[in-house]
Amino acid sequence: MNLSLEDPFVLAQDYPESTTGSLRSGHATCVRFNRKGDFLAAGRVDGTVVIFDVETNGIARKLKGHTRQVQSLSWSRNGRYLLTASQDWKCNIWDLQDGSIYKSVRFEAPVYIAEFHPSTHLKFVVSLFEDLPLLVDISQPQPQKFSLPSAPKRTQEDEPVSDKQAAQDAKQSTTVTIFTATGEHILAGTNKGWLNIIEVATRTTIYSTKICQGVVIFLRMTSSGRDVVVNSQDRIIRTIVWPNLSVPDLDPDTIDIQIEHRFQDVVNRLSWNHVAFSSTGEYVTASTYNNHDIYIWERNHGSLVKILEGPKEEHGIVEWHPTRPFIAACGLESGRINIWSIIPQQRWSALAPDFAEVEENVEYIEHEDEFDIHPQEEIHKRRLDLEDEDIDVLTVEPAKGEVLDEANFFRMPVQLDLNDSEGEEEFVAVGRGEMRRKSPTQAQRDYMLESEVLADDESKKGKPGRRKR
């Protein structure tokens with residue numbers, strides 16, 4: 001019924017128009033939708049991961065296993081497993097069947113970003129701070145870590161590499177790594193603006209190209225694997241039509257990567273915090289550095305179509321819903337997850353052909369037989385005739401952009417007794433005009449460092465109590 005009331009022109013719109021609300025549970029630093037789009041995972045400053053139900057905006061689950069800020073999130077293909085990377089040098093793989101840690105892997109350096117393999121939850125790739133990226137295989141009881149190269153591959157057409165150039169190549173570090181759609185190759189960006197394609201089977205670089213002068217900050221590929229968006233330090237967002245690397249007998253010398261569009265703000269010269277594709281890949285959105293606007297470009301003509309305005313705070317991670325014109329972004333100051341979507345106007349004339357919407361009140365003229373009293377038997381017969389109509393309330397029509405091969409898609413059990421369901425606000429009122437920071441609960445203290453626990457105990461001991469008379 002609700003779908004019948006919607007304006008078809010509004011339903012056909014592919015990008016959001018205005019802010020429609022916000023989500024809050026602690027200070028969120030990163031968000032990520034699952035592949036189906038019914039859950040939104042949010043990593044917090046204190047290391048907790050909160051999973052929101054997108055339809056109800058309620059908290060479906062809380063995962064506690066990190067002691068520092070969560071850096072990145074990645075869902076498995078079927079939505080059962082969640083990969084979280086934190087500043088505590090650990091990556092946790094969560095089994096959402098019961099909310100337990102399936103596997104925890106510790107590294108020798110802080111983790112920039114971690115990404116699942118597109119077809120299995122037993123492999124993932126991580127980018128480390130000032131260290132080589134790693135391909136991690138957890139199919140064995142002891143996780144296996146394989147180093148991946150960061151130095152670009154020089155072709156024969158390039159100029160001869162000098163010793164100085166070779167030394168500079170050796171000092172390059174990888175800042176971001178993602179899998180391609182097939183999982184056969186890894187796409188890596190470096191701090192010198194190089195884009196490396198690494199073959200997973202041999203763990204060697206088969207192709208390299210320099211796409212920018214600064215650091216490659218972020219990479220994101222569409223769900224189809226045909227397009228890539230690159231955010232770099234030179235304030236330009238680039239989109240690339242990705243070549244097909246799964247052809248048999250691939251010759252690396254034939255790979256050709258061409259930049260499709262360059263998006264930038266030539267007036268204000270803004271930098272971009274984070275970028276994402278729309279559900280269909282037709283639009284690119286980005287959050288701005290030191291600014292509160294969210295930009296949306298369309299890729300057909302490469303033009304700016306919308307600047308979303310919302311809360312007056314800078315946003316960090318921005319994510320687009322997999323099937324709907326729905327954007328979620330983390331506020332850097334408040335930690336709220338702000339949401340932009342479409343507010344449809346209900347069209348009541350869709351339910352009654354003779355229903356007319358008027359701008360202002362008009363004088364109503366009563367028809368001659370409009371309020372006639374009908375026999376009770378005739379009214380009862382009409383009701384019975386209406387009951388004979390078969391109404392299908394079970395069939396779920398696929399949404400736009402939704403993948404249909406999800407017969408084995410995981411459905412997370414509903415957890416009704418959420419332990420440690422603290423309030424939404426970090427500060428609580430203790431008096432008129434007086435606020436204090438909320439004390440950590442016992443479950444939170446279990447994941448705090450020893451120094452933090454001692455500092456919290458000292459602050460409690462230092463509070464003056466009331467003197468008894």
# chains A, B, ... in the order shown; residues from 1 in each chain; ligands from 1

$ residues_around --residues "Arg269 in chain A" --least-positions-apart "3" --cutoff "12 Å" --atoms "only C-alpha atoms" --output "JSON, numbers by chain"
{"A": [233, 234, 235, 236, 263, 264, 265, 266, 272, 288, 289, 290, 291]}

$ residues_around --residues "range 73-89 of chain A" --least-positions-apart "5" --cutoff "9 Å" --atoms "only C-alpha atoms" --output "ChimeraX atom specification"
/A:30-36,41-43,47,49,66-68,94-97,102,105-121,124,126,406,408-412

$ closest_residue --among "A:Lys171, A:Tyr15, A:Ser100, A:Asp38" --to "Leu63 in chain A" --atoms "only C-alpha atoms"
A:Ser100

$ residues_around --residues "range 50-61 of chain A" --least-positions-apart "3" --cutoff "9 Å" --atoms "only C-alpha atoms" --output "list in words"
Ser22, Leu23, Ser25, Ala28, Gly37, Asp38, Phe39, Leu40, Ala41, Ala42, Gly43, Arg44, Lys64, Leu96, Gly99, Met412, Pro413, Val414, Gln415, Leu416 and Leu418 of chain A

$ residues_around --residues "Ser341 in chain A" --least-positions-apart "2" --cutoff "12 Å" --atoms "only C-alpha atoms" --output "MDAnalysis selection string"
chainID A and resid 10:11 13:22 308:310 320:321 324:329 338:339 343:344

$ residues_around --residues "Leu219 in chain A" --least-positions-apart "2" --cutoff "8 Å" --atoms "only C-alpha atoms" --output "VMD selection string"
chain A and resid 176 to 178 189 216 to 217 221 228 to 231

$ select_by_dssp --residues "range 67-199 of chain A" --states "alpha helix (DSSP H)" --output "number ranges by chain"
A: 163-170

$ residues_around --residues "Asn300 in chain A" --least-positions-apart "3" --cutoff "9 Å" --atoms "only C-alpha atoms" --output "PyMOL selection string"
chain A and resi 282-283+303

$ write_last_selection --atoms "N, CA, C and O atoms" --output "compact mmCIF listing (two decimals), in the first residue's frame"
# COMPACT_ATOMS: atom_id res chain seq x y z
N GLU A 282 26.48 4.76 -11.08
CA GLU A 282 26.28 5.91 -11.96
C GLU A 282 26.69 7.22 -11.30
O GLU A 282 26.90 8.22 -11.98
N TYR A 283 26.79 7.23 -9.97
CA TYR A 283 27.13 8.46 -9.24
C TYR A 283 28.32 8.20 -8.33
O TYR A 283 28.58 7.07 -7.90
N SER A 303 29.46 15.66 -14.45
CA SER A 303 29.06 16.95 -13.88
C SER A 303 28.56 16.79 -12.45
O SER A 303 28.13 15.70 -12.04

$ closest_residue --among "A:Leu195, A:Ile317, A:Val275, A:Leu304" --to "Gln258 in chain A" --atoms "only C-alpha atoms"
A:Leu195

$ select_by_dssp --residues "range 41-80 of chain A" --states "strand (DSSP E or B)" --output "list of chain:residue names"
A:Ala41, A:Ala42, A:Gly43, A:Arg44, A:Thr48, A:Val49, A:Val50, A:Ile51, A:Phe52, A:Asp53, A:Ile59, A:Ala60, A:Arg61, A:Lys62, A:Leu63, A:Lys64, A:Val70, A:Gln71, A:Ser72, A:Leu73, A:Ser74, A:Trp75

$ closest_residue --among "A:Gln140, A:Ser224, A:Asn196, A:Ser334" --to "Ile211 in chain A" --atoms "only C-alpha atoms"
A:Asn196
